[in-house]
>>> print(open('data-v5.cif').read())   # mmCIF, C-alpha atoms
data_entry
#
loop_
_atom_site.label_atom_id
_atom_site.label_comp_id
_atom_site.auth_asym_id
_atom_site.auth_seq_id
_atom_site.Cartn_x
_atom_site.Cartn_y
_atom_site.Cartn_z
CA MET X 1 0.00 0.00 0.00
CA GLU X 2 3.03 2.30 -0.19
CA ASN X 3 1.97 3.77 -3.54
CA LEU X 4 -1.54 4.73 -2.45
CA GLY X 5 -0.61 8.41 -2.31
CA PRO X 6 0.55 8.71 -5.94
CA ALA X 7 -2.53 6.78 -7.10
CA VAL X 8 -4.85 9.20 -5.32
CA THR X 9 -2.90 12.16 -6.75
CA LYS X 10 -3.33 10.66 -10.22
CA LEU X 11 -7.06 10.25 -9.62
CA LEU X 12 -7.35 13.91 -8.59
CA GLU X 13 -5.37 14.94 -11.67
CA GLU X 14 -7.77 12.88 -13.78
CA LEU X 15 -10.68 14.82 -12.27
CA ASN X 16 -8.90 18.19 -12.53
CA PRO X 17 -11.36 20.75 -13.90
CA PHE X 18 -8.60 22.44 -15.94
CA ALA X 19 -7.34 19.29 -17.68
CA VAL X 20 -7.44 20.00 -21.41
CA LEU X 21 -9.18 17.50 -23.67
CA GLY X 22 -6.78 14.95 -25.18
CA LYS X 23 -3.72 16.35 -23.38
CA GLY X 24 -4.09 14.69 -19.99
CA ALA X 25 -3.64 16.28 -16.62
CA ALA X 26 -3.02 19.97 -16.16
CA PRO X 27 0.52 20.34 -14.71
CA GLY X 28 2.42 19.35 -17.88
CA VAL X 29 0.27 21.41 -20.22
CA GLU X 30 1.34 24.95 -20.96
CA LEU X 31 -1.45 27.20 -22.17
CA ALA X 32 -1.19 30.56 -23.87
CA LYS X 33 -2.83 33.37 -21.94
CA ASN X 34 -6.56 33.72 -22.69
CA ALA X 35 -6.43 30.62 -24.92
CA VAL X 36 -9.84 29.13 -25.71
CA VAL X 37 -9.65 25.35 -25.27
CA LEU X 38 -12.01 22.50 -24.51
CA THR X 39 -11.44 20.88 -21.13
CA ASN X 40 -12.50 17.30 -20.47
CA TYR X 41 -15.57 18.56 -18.66
CA SER X 42 -16.66 21.16 -21.18
CA PHE X 43 -16.40 18.57 -23.97
CA PHE X 44 -18.79 16.21 -22.18
CA LEU X 45 -20.99 19.15 -21.22
CA ILE X 46 -21.44 19.93 -24.92
CA VAL X 47 -22.05 16.24 -25.70
CA ALA X 48 -24.69 15.92 -22.97
CA VAL X 49 -26.50 19.12 -23.93
CA ALA X 50 -26.45 18.03 -27.60
CA LEU X 51 -27.85 14.62 -26.57
CA THR X 52 -30.64 16.32 -24.60
CA ALA X 53 -31.54 18.47 -27.60
CA ILE X 54 -31.40 15.54 -30.06
CA PHE X 55 -33.46 13.33 -27.74
CA PHE X 56 -36.27 15.86 -27.47
CA LEU X 57 -36.12 16.80 -31.16
CA ILE X 58 -36.64 13.13 -32.06
CA ALA X 59 -39.26 12.68 -29.34
CA SER X 60 -41.32 15.64 -30.58
CA ARG X 61 -40.91 14.95 -34.31
CA ARG X 62 -44.20 13.13 -34.77
CA MET X 63 -46.56 14.19 -32.03
CA THR X 64 -49.65 12.03 -31.86
CA LEU X 65 -52.31 11.57 -29.22
CA VAL X 66 -50.89 8.18 -28.27
CA PRO X 67 -47.10 8.50 -28.63
CA LYS X 68 -44.88 5.56 -29.54
CA GLY X 69 -41.23 4.70 -28.96
CA ILE X 70 -38.96 7.63 -28.08
CA GLY X 71 -41.90 10.02 -28.18
CA ASN X 72 -43.50 7.98 -25.42
CA ILE X 73 -40.38 8.17 -23.23
CA GLY X 74 -40.13 11.92 -23.83
CA GLU X 75 -43.76 12.46 -22.93
CA TRP X 76 -43.35 10.35 -19.80
CA GLY X 77 -40.39 12.47 -18.75
CA VAL X 78 -42.17 15.77 -19.33
CA GLU X 79 -45.25 14.49 -17.50
CA PHE X 80 -43.08 13.39 -14.59
CA VAL X 81 -41.69 16.92 -14.24
CA ARG X 82 -45.15 18.45 -14.66
CA ASN X 83 -46.89 16.26 -12.07
CA ASN X 84 -44.13 15.83 -9.49
CA ILE X 85 -42.39 19.19 -9.63
CA VAL X 86 -44.44 21.95 -11.28
CA LEU X 87 -47.97 21.00 -10.20
CA ASP X 88 -46.87 19.96 -6.71
CA VAL X 89 -44.91 23.13 -6.01
CA MET X 90 -46.45 25.88 -8.15
CA GLY X 91 -49.96 24.63 -8.88
CA SER X 92 -51.70 25.05 -12.22
CA GLU X 93 -50.39 28.60 -12.79
CA GLY X 94 -46.85 27.21 -12.91
CA VAL X 95 -47.54 25.21 -16.08
CA LYS X 96 -46.58 28.37 -17.99
CA TYR X 97 -43.00 27.90 -16.77
CA LEU X 98 -42.93 24.13 -17.41
CA PRO X 99 -40.65 24.37 -20.50
CA PHE X 100 -37.88 26.09 -18.53
CA ILE X 101 -38.03 23.64 -15.63
CA VAL X 102 -38.17 20.61 -17.95
CA THR X 103 -35.09 21.94 -19.78
CA VAL X 104 -33.21 22.48 -16.52
CA PHE X 105 -34.17 19.04 -15.20
CA PHE X 106 -33.16 17.10 -18.31
CA ALA X 107 -29.98 19.08 -18.94
CA VAL X 108 -28.80 18.25 -15.42
CA LEU X 109 -30.01 14.64 -15.66
CA PHE X 110 -28.28 13.92 -18.99
CA ASN X 111 -25.05 15.51 -17.74
CA ASP X 112 -25.11 13.49 -14.51
CA PHE X 113 -25.85 10.21 -16.25
CA LEU X 114 -23.26 10.74 -18.99
CA GLY X 115 -20.62 11.17 -16.29
CA LEU X 116 -21.49 7.74 -14.86
CA ILE X 117 -20.39 5.95 -18.04
CA PRO X 118 -16.78 4.83 -17.40
CA GLY X 119 -14.28 7.05 -19.19
CA MET X 120 -16.68 9.97 -19.46
CA LYS X 121 -17.06 12.94 -17.18
CA PRO X 122 -20.15 14.73 -15.93
CA GLY X 123 -20.47 18.22 -17.39
CA THR X 124 -21.91 19.17 -14.01
CA GLY X 125 -18.71 18.04 -12.23
CA THR X 126 -17.10 21.48 -12.32
CA LEU X 127 -18.05 24.49 -10.25
CA GLY X 128 -17.95 26.74 -13.31
CA THR X 129 -20.82 24.98 -15.05
CA THR X 130 -23.08 24.48 -12.06
CA PHE X 131 -22.51 27.98 -10.72
CA ALA X 132 -23.38 29.42 -14.14
CA TRP X 133 -26.60 27.41 -14.10
CA GLY X 134 -27.37 28.63 -10.59
CA ILE X 135 -26.93 32.23 -11.77
CA MET X 136 -29.18 31.50 -14.76
CA VAL X 137 -31.93 30.23 -12.43
CA PHE X 138 -31.40 33.28 -10.19
CA VAL X 139 -31.80 35.67 -13.13
CA VAL X 140 -34.86 33.86 -14.50
CA TYR X 141 -36.82 33.68 -11.25
CA ASN X 142 -36.11 37.32 -10.40
CA TRP X 143 -37.11 38.30 -13.92
CA VAL X 144 -40.38 36.39 -13.50
CA GLY X 145 -41.03 38.19 -10.21
CA ILE X 146 -40.20 41.64 -11.62
CA LYS X 147 -42.35 41.03 -14.67
CA LYS X 148 -45.26 39.97 -12.51
CA HIS X 149 -45.09 42.69 -9.82
CA GLY X 150 -43.00 45.46 -11.29
CA LEU X 151 -39.49 46.29 -10.04
CA TRP X 152 -40.41 48.53 -7.12
CA LYS X 153 -43.17 46.31 -5.73
CA TYR X 154 -41.00 43.19 -6.12
CA LEU X 155 -38.09 44.77 -4.22
CA LYS X 156 -40.50 45.96 -1.54
CA SER X 157 -41.98 42.46 -1.15
CA PHE X 158 -38.74 41.16 0.38
CA LEU X 159 -39.84 42.83 3.60
CA PRO X 160 -42.62 40.90 5.38
CA ALA X 161 -45.69 43.00 6.06
CA GLY X 162 -45.89 44.46 9.57
CA THR X 163 -42.16 44.54 10.31
CA PRO X 164 -41.27 47.14 12.96
CA LEU X 165 -39.44 50.06 11.36
CA VAL X 166 -36.41 49.61 13.64
CA LEU X 167 -35.85 46.03 12.46
CA ALA X 168 -36.64 46.69 8.81
CA PRO X 169 -33.08 47.35 7.51
CA PHE X 170 -31.67 44.21 9.18
CA ILE X 171 -34.48 41.96 7.99
CA TYR X 172 -34.25 43.40 4.49
CA LEU X 173 -30.49 42.77 4.46
CA LEU X 174 -31.00 39.18 5.65
CA GLU X 175 -33.59 38.56 2.94
CA VAL X 176 -31.29 39.96 0.27
CA ILE X 177 -28.41 37.78 1.52
CA SER X 178 -30.60 34.68 1.48
CA HIS X 179 -31.53 35.49 -2.14
CA VAL X 180 -27.93 36.07 -3.17
CA LEU X 181 -26.84 32.78 -1.54
CA ARG X 182 -29.32 30.80 -3.65
CA PRO X 183 -27.26 30.52 -6.86
CA PHE X 184 -24.20 29.58 -4.74
CA THR X 185 -25.98 26.75 -2.93
CA LEU X 186 -27.65 25.51 -6.14
CA GLY X 187 -24.31 25.35 -7.92
CA VAL X 188 -22.20 24.00 -5.08
CA ARG X 189 -24.71 21.30 -4.14
CA LEU X 190 -24.76 19.84 -7.65
CA TYR X 191 -20.99 20.17 -8.13
CA ALA X 192 -20.10 18.71 -4.72
CA ASN X 193 -22.36 15.70 -5.17
CA MET X 194 -21.01 14.89 -8.63
CA TYR X 195 -17.34 15.52 -7.84
CA ALA X 196 -17.35 13.72 -4.48
CA GLY X 197 -19.25 10.78 -5.95
CA HIS X 198 -16.63 10.32 -8.67
CA ILE X 199 -13.80 10.52 -6.14
CA VAL X 200 -15.47 7.82 -4.02
CA LEU X 201 -15.86 5.55 -7.06
CA GLY X 202 -12.24 6.22 -8.01
CA ILE X 203 -10.94 5.46 -4.50
CA PHE X 204 -12.72 2.11 -4.40
CA GLY X 205 -11.38 1.38 -7.88
CA ILE X 206 -7.84 2.06 -6.61
CA PHE X 207 -8.46 -0.28 -3.63
CA VAL X 208 -9.63 -3.07 -5.95
CA VAL X 209 -6.66 -2.79 -8.31
CA MET X 210 -4.03 -2.45 -5.55
CA ALA X 211 -5.40 -5.23 -3.34
CA ALA X 212 -5.76 -7.59 -6.32
CA ALA X 213 -2.21 -6.79 -7.49
CA ALA X 214 -0.76 -7.71 -4.05
CA LEU X 215 -1.68 -11.41 -4.61
CA GLY X 216 -2.32 -12.61 -1.06
CA PRO X 217 -5.20 -14.40 0.70
CA VAL X 218 -6.06 -11.35 2.83
CA THR X 219 -5.73 -8.86 -0.02
CA ALA X 220 -7.97 -11.05 -2.20
CA VAL X 221 -10.74 -10.69 0.38
CA VAL X 222 -10.10 -6.92 0.55
CA ALA X 223 -10.29 -6.71 -3.25
CA GLY X 224 -13.55 -8.65 -3.30
CA LEU X 225 -15.12 -6.48 -0.60
CA SER X 226 -13.94 -3.30 -2.33
CA LEU X 227 -15.40 -4.49 -5.63
CA ALA X 228 -18.75 -5.25 -3.95
CA MET X 229 -18.65 -1.84 -2.28
CA GLN X 230 -17.87 -0.16 -5.59
CA ILE X 231 -20.89 -1.82 -7.23
CA VAL X 232 -23.10 -0.66 -4.36
CA MET X 233 -21.69 2.87 -4.61
CA TYR X 234 -22.23 2.87 -8.36
CA ALA X 235 -25.92 2.08 -7.86
CA PHE X 236 -26.04 4.80 -5.22
CA GLU X 237 -24.40 7.30 -7.61
CA VAL X 238 -27.08 6.58 -10.24
CA PHE X 239 -29.65 7.37 -7.56
CA VAL X 240 -27.77 10.52 -6.52
CA ALA X 241 -27.54 11.69 -10.15
CA PHE X 242 -31.32 11.47 -10.44
CA ILE X 243 -32.00 13.03 -7.02
CA GLN X 244 -29.69 15.98 -7.72
CA ALA X 245 -31.45 16.73 -11.01
CA TYR X 246 -34.78 16.46 -9.15
CA VAL X 247 -33.63 18.76 -6.33
CA PHE X 248 -32.19 21.31 -8.78
CA ALA X 249 -35.48 21.43 -10.71
CA ILE X 250 -37.66 21.47 -7.59
CA LEU X 251 -35.68 24.34 -6.05
CA THR X 252 -36.00 26.25 -9.33
CA ALA X 253 -39.76 25.75 -9.07
CA VAL X 254 -39.80 26.79 -5.39
CA TYR X 255 -37.84 29.99 -6.08
CA MET X 256 -40.10 30.83 -9.04
CA ASN X 257 -43.17 30.19 -6.91
CA GLY X 258 -41.77 32.54 -4.28
CA ALA X 259 -41.19 35.22 -6.92
CA ILE X 260 -44.71 34.83 -8.35
CA HIS X 261 -46.32 35.03 -4.90
CA ALA X 262 -43.96 37.73 -3.60
CA GLY X 263 -45.49 39.77 -0.82
CA GLU X 264 -48.32 37.33 -0.06
CA HIS X 265 -46.82 35.50 2.90
CA MET I 1 3.42 14.76 5.26
CA GLY I 2 3.64 18.09 3.49
CA GLY I 3 0.38 19.41 4.91
CA SER I 4 0.05 22.66 6.82
CA LEU I 5 -2.37 23.88 9.44
CA SER I 6 -4.67 25.39 6.82
CA VAL I 7 -5.23 21.91 5.37
CA LEU I 8 -6.16 20.65 8.83
CA GLY I 9 -8.46 23.64 9.21
CA ALA I 10 -10.08 22.90 5.87
CA GLY I 11 -10.77 19.32 6.90
CA LEU I 12 -12.17 20.42 10.25
CA ALA I 13 -14.30 23.15 8.64
CA PHE I 14 -16.09 20.62 6.50
CA GLY I 15 -16.13 17.80 9.04
CA LEU I 16 -17.49 19.83 11.94
CA GLY I 17 -19.75 21.84 9.66
CA ALA I 18 -21.38 18.66 8.38
CA ILE I 19 -22.46 17.42 11.84
CA GLY I 20 -25.42 19.75 12.25
CA PRO I 21 -26.84 19.40 8.73
CA GLY I 22 -26.35 15.62 8.99
CA ILE I 23 -28.54 15.51 12.08
CA GLY I 24 -31.00 17.89 10.41
CA VAL I 25 -31.33 15.83 7.22
CA GLY I 26 -31.84 12.72 9.35
CA PHE I 27 -34.64 14.43 11.27
CA VAL I 28 -36.31 15.59 8.04
CA ALA I 29 -36.23 12.10 6.53
CA GLY I 30 -37.38 10.41 9.73
CA LYS I 31 -40.30 12.75 10.28
CA ALA I 32 -41.27 12.49 6.60
CA ILE I 33 -41.38 8.68 6.88
CA GLU I 34 -43.50 9.01 10.04
CA GLY I 35 -45.90 11.27 8.20
CA MET I 36 -46.04 8.99 5.16
CA ALA I 37 -46.70 5.94 7.33
CA ARG I 38 -49.51 7.74 9.09
CA GLN I 39 -51.07 9.17 5.92
CA PRO I 40 -49.95 7.19 2.85
CA GLU I 41 -52.31 9.17 0.60
CA MET I 42 -50.25 12.30 1.31
CA ALA I 43 -46.94 10.58 0.46
CA ASN I 44 -46.36 12.57 -2.76
CA LYS I 45 -46.83 15.96 -1.13
CA ILE I 46 -44.72 14.98 1.88
CA GLN I 47 -41.93 13.71 -0.37
CA THR I 48 -41.75 16.99 -2.30
CA THR I 49 -41.63 19.02 0.89
CA MET I 50 -39.07 16.60 2.34
CA PHE I 51 -36.68 17.21 -0.54
CA ILE I 52 -37.01 20.97 -0.18
CA GLY I 53 -36.33 20.73 3.55
CA MET I 54 -33.35 18.47 2.96
CA ALA I 55 -31.94 20.86 0.37
CA LEU I 56 -32.18 23.77 2.81
CA ALA I 57 -30.48 21.80 5.61
CA GLU I 58 -27.82 20.64 3.17
CA ALA I 59 -27.04 24.21 2.15
CA ILE I 60 -25.42 24.77 5.56
CA ALA I 61 -23.06 21.84 5.00
CA LEU I 62 -22.21 23.31 1.60
CA LEU I 63 -21.07 26.54 3.23
CA GLY I 64 -18.52 24.47 5.17
CA PHE I 65 -17.52 22.74 1.95
CA VAL I 66 -16.84 26.09 0.26
CA LEU I 67 -14.99 27.31 3.35
CA ALA I 68 -12.76 24.22 3.18
CA PHE I 69 -11.74 25.18 -0.36
CA VAL I 70 -11.15 28.78 0.64
CA LEU I 71 -8.96 27.73 3.57
CA GLN I 72 -6.94 25.39 1.37
CA ALA I 73 -6.38 28.12 -1.18
CA ALA I 74 -5.26 30.49 1.60
CA LYS I 75 -2.28 28.41 2.74
#
>>> encode(input="data-v5.cif", output="structure tokens")
Amino acid sequence: MENLGPAVTKLLEELNPFAVLGKGAAPGVELAKNAVVLTNYSFFLIVAVALTAIFFLIASRRMTLVPKGIGNIGEWGVEFVRNNIVLDVMGSEGVKYLPFIVTVFFAVLFNDFLGLIPGMKPGTGTLGTTFAWGIMVFVVYNWVGIKKHGLWKYLKSFLPAGTPLVLAPFIYLLEVISHVLRPFTLGVRLYANMYAGHIVLGIFGIFVVMAAAALGPVTAVVAGLSLAMQIVMYAFEVFVAFIQAYVFAILTAVYMNGAIHAGEH
Amino acid sequence: MGGSLSVLGAGLAFGLGAIGPGIGVGFVAGKAIEGMARQPEMANKIQTTMFIGMALAEAIALLGFVLAFVLQAAK
């Protein structure tokens, strides 16, 4: 087990967000200043987003009352988001925003699942991507609120009705901070789950390979247990990938609902 | 061991910061299961609310996670 350290370092280099596509880990690669390159993650981000678009283009090509094949799967997915996220959280008036939430849900889902295929990376495994998506959700839900109430009334609605005048500045500041923290937590939650999950899978993979290479009766048992654990963790990561997409979409819906009903609580 | 105190601090920031949210998420899940067992017809609504509550509790752990990165970068 003396070379565990280098193996873990190699794993972290493999998952380095700045590793350029086709050139391996970052340290050896010299980049010109302001160079525009594809990293491993951004390549798979583009692939996953393209897959999402292609999937729904095919699914909506021939729309019939009773859909068949891919169209059926697509409709099932959209209905899942409508019934379990939009209708549950926002009610029937939220159906207007269904396209945005469906897009967010499936973009995250396809990215998460693509990263689970060995050799591929999740586009959502870097903070840059997920934080950008968090900011996008932040902009959209505030825009929805401003459009619905007008800028002045929306800004005023952050303050709960009946707040004593002395407390008003502090409460307003707290509300603004809680709004500003939303894109951070959205982005970091998704990124941390994806990145940490891949490190766990990688660590168990290292255990399996190292214990099996040691060729002893005890290490054989360790290798077997690690392999079993890795399979369990893989199943768990599939579950986590789905749950994170679900949570991302449901929080988008919750924030939008809050913006639509601003000032009513 | 080439680590410094800031690395130790980063580990502690996340580790200690995850205790509270861990307990909180456990409470949320446990109470949601209680509610679902008592009223199975409300299971869908409870599940949705459970995930929202979990996400909010989790956000506190994420602050520790970010702080860990900040501390590591500050060494």
>>> residues_around(input="data-v5.cif", residues="segment 57-63 of chain X", least_positions_apart="3", cutoff="12 Å", atoms="all atoms listed in the file", output="number ranges by chain")
X: 50-54, 66-78
>>> closest_residue(input="data-v5.cif", among="X:Leu151, X:Met120, X:Met233, X:Val102", to="Ser42 of chain X", atoms="all atoms listed in the file")
X:Met120
>>> interface_residues(input="data-v5.cif", of="chain X", to="chain I", cutoff="7 Å", atoms="only C-alpha atoms", output="VMD selection string")
chain X and resid 88 185 188 to 189 247 251
>>> atom_distance(input="data-v5.cif", atom1="atom CA of Met256 of chain X", atom2="atom CA of Val104 of chain X")
13.2 Å
>>> atom_distance(input="data-v5.cif", atom1="atom CA of Ile203 of chain X", atom2="atom CA of Val25 of chain I")
25.7 Å
>>> residues_around(input="data-v5.cif", residues="Asn3 of chain X", least_positions_apart="5", cutoff="12 Å", atoms="only C-alpha atoms", output="list in words")
Val8, Thr9, Lys10, Ile206, Phe207, Val209, Met210, Ala211 and Ala214 of chain X
>>> residues_around(input="data-v5.cif", residues="Leu71 of chain I", least_positions_apart="4", cutoff="8 Å", atoms="all atoms listed in the file", output="short mmCIF file (atom, residue, chain, number, x, y, z; two decimals) with C-alpha atoms, in the frame of the given file")
data_model
loop_
_atom_site.label_atom_id
_atom_site.label_comp_id
_atom_site.auth_asym_id
_atom_site.auth_seq_id
_atom_site.Cartn_x
_atom_site.Cartn_y
_atom_site.Cartn_z
CA SER I 6 -4.67 25.39 6.82
CA VAL I 7 -5.23 21.91 5.37
CA GLY I 9 -8.46 23.64 9.21
CA ALA I 10 -10.08 22.90 5.87
CA LEU I 67 -14.99 27.31 3.35
CA LYS I 75 -2.28 28.41 2.74
#
>>> closest_residue(input="data-v5.cif", among="I:Met50, I:Ala68, I:Leu8, I:Ala73", to="Gly30 of chain I", atoms="only C-alpha atoms")
I:Met50
>>> closest_residue(input="data-v5.cif", among="X:Thr163, X:Asn84, X:Asn193, X:Ser157", to="Phe105 of chain X", atoms="all atoms listed in the file")
X:Asn84
>>> resolve_selection(input="data-v5.cif", expression="the PyMOL selection byres ((chain X and resi 38) around 10)", output="list of chain:residue names")
X:Phe18, X:Ala19, X:Val20, X:Leu21, X:Gly22, X:Ala35, X:Val36, X:Val37, X:Thr39, X:Asn40, X:Tyr41, X:Ser42, X:Phe43, X:Phe44, X:Ile46
>>> atom_distance(input="data-v5.cif", atom1="atom CA of Tyr97 of chain X", atom2="atom CA of Tyr154 of chain X")
18.7 Å
>>> closest_residue(input="data-v5.cif", among="X:Val180, X:Tyr195, X:Asn16, X:Val200", to="Thr130 of chain X", atoms="all atoms listed in the file")
X:Tyr195
>>> resolve_selection(input="data-v5.cif", expression="the PyMOL selection byres ((chain X and resi 253) around 9)", output="list in words")
Ile85, Val86, Val89, Met90, Gly94, Tyr97, Ile101, Tyr141, Phe248, Ala249, Ile250, Leu251, Thr252, Val254, Tyr255, Met256, Asn257 and Gly258 of chain X
>>> resolve_selection(input="data-v5.cif", expression="the PyMOL selection byres ((chain X and resi 112) around 8)", output="compact mmCIF listing (two decimals) with C-alpha atoms, keeping the file's coordinate frame")
# COMPACT_ATOMS: atom_id res chain seq x y z
CA VAL X 108 -28.80 18.25 -15.42
CA LEU X 109 -30.01 14.64 -15.66
CA PHE X 110 -28.28 13.92 -18.99
CA ASN X 111 -25.05 15.51 -17.74
CA PHE X 113 -25.85 10.21 -16.25
CA LEU X 114 -23.26 10.74 -18.99
CA GLY X 115 -20.62 11.17 -16.29
CA LEU X 116 -21.49 7.74 -14.86
CA PRO X 122 -20.15 14.73 -15.93
CA GLY X 123 -20.47 18.22 -17.39
CA THR X 124 -21.91 19.17 -14.01
CA MET X 194 -21.01 14.89 -8.63
CA ALA X 241 -27.54 11.69 -10.15
CA PHE X 242 -31.32 11.47 -10.44
CA ALA X 245 -31.45 16.73 -11.01
>>> residues_around(input="data-v5.cif", residues="Gly205 of chain X", least_positions_apart="2", cutoff="12 Å", atoms="only C-alpha atoms", output="list of chain:residue names")
X:Leu4, X:Ala7, X:Val8, X:Leu11, X:Pro118, X:His198, X:Ile199, X:Val200, X:Leu201, X:Gly202, X:Ile203, X:Phe207, X:Val208, X:Val209, X:Met210, X:Ala211, X:Ala212, X:Val222, X:Ala223, X:Gly224, X:Leu225, X:Ser226, X:Leu227, X:Ala228, X:Met229, X:Gln230, X:Ile231, X:Met233, X:Tyr234
>>> closest_residue(input="data-v5.cif", among="X:Leu87, X:Ala168, X:Val81, X:Leu15", to="Lys156 of chain X", atoms="only C-alpha atoms")
X:Ala168
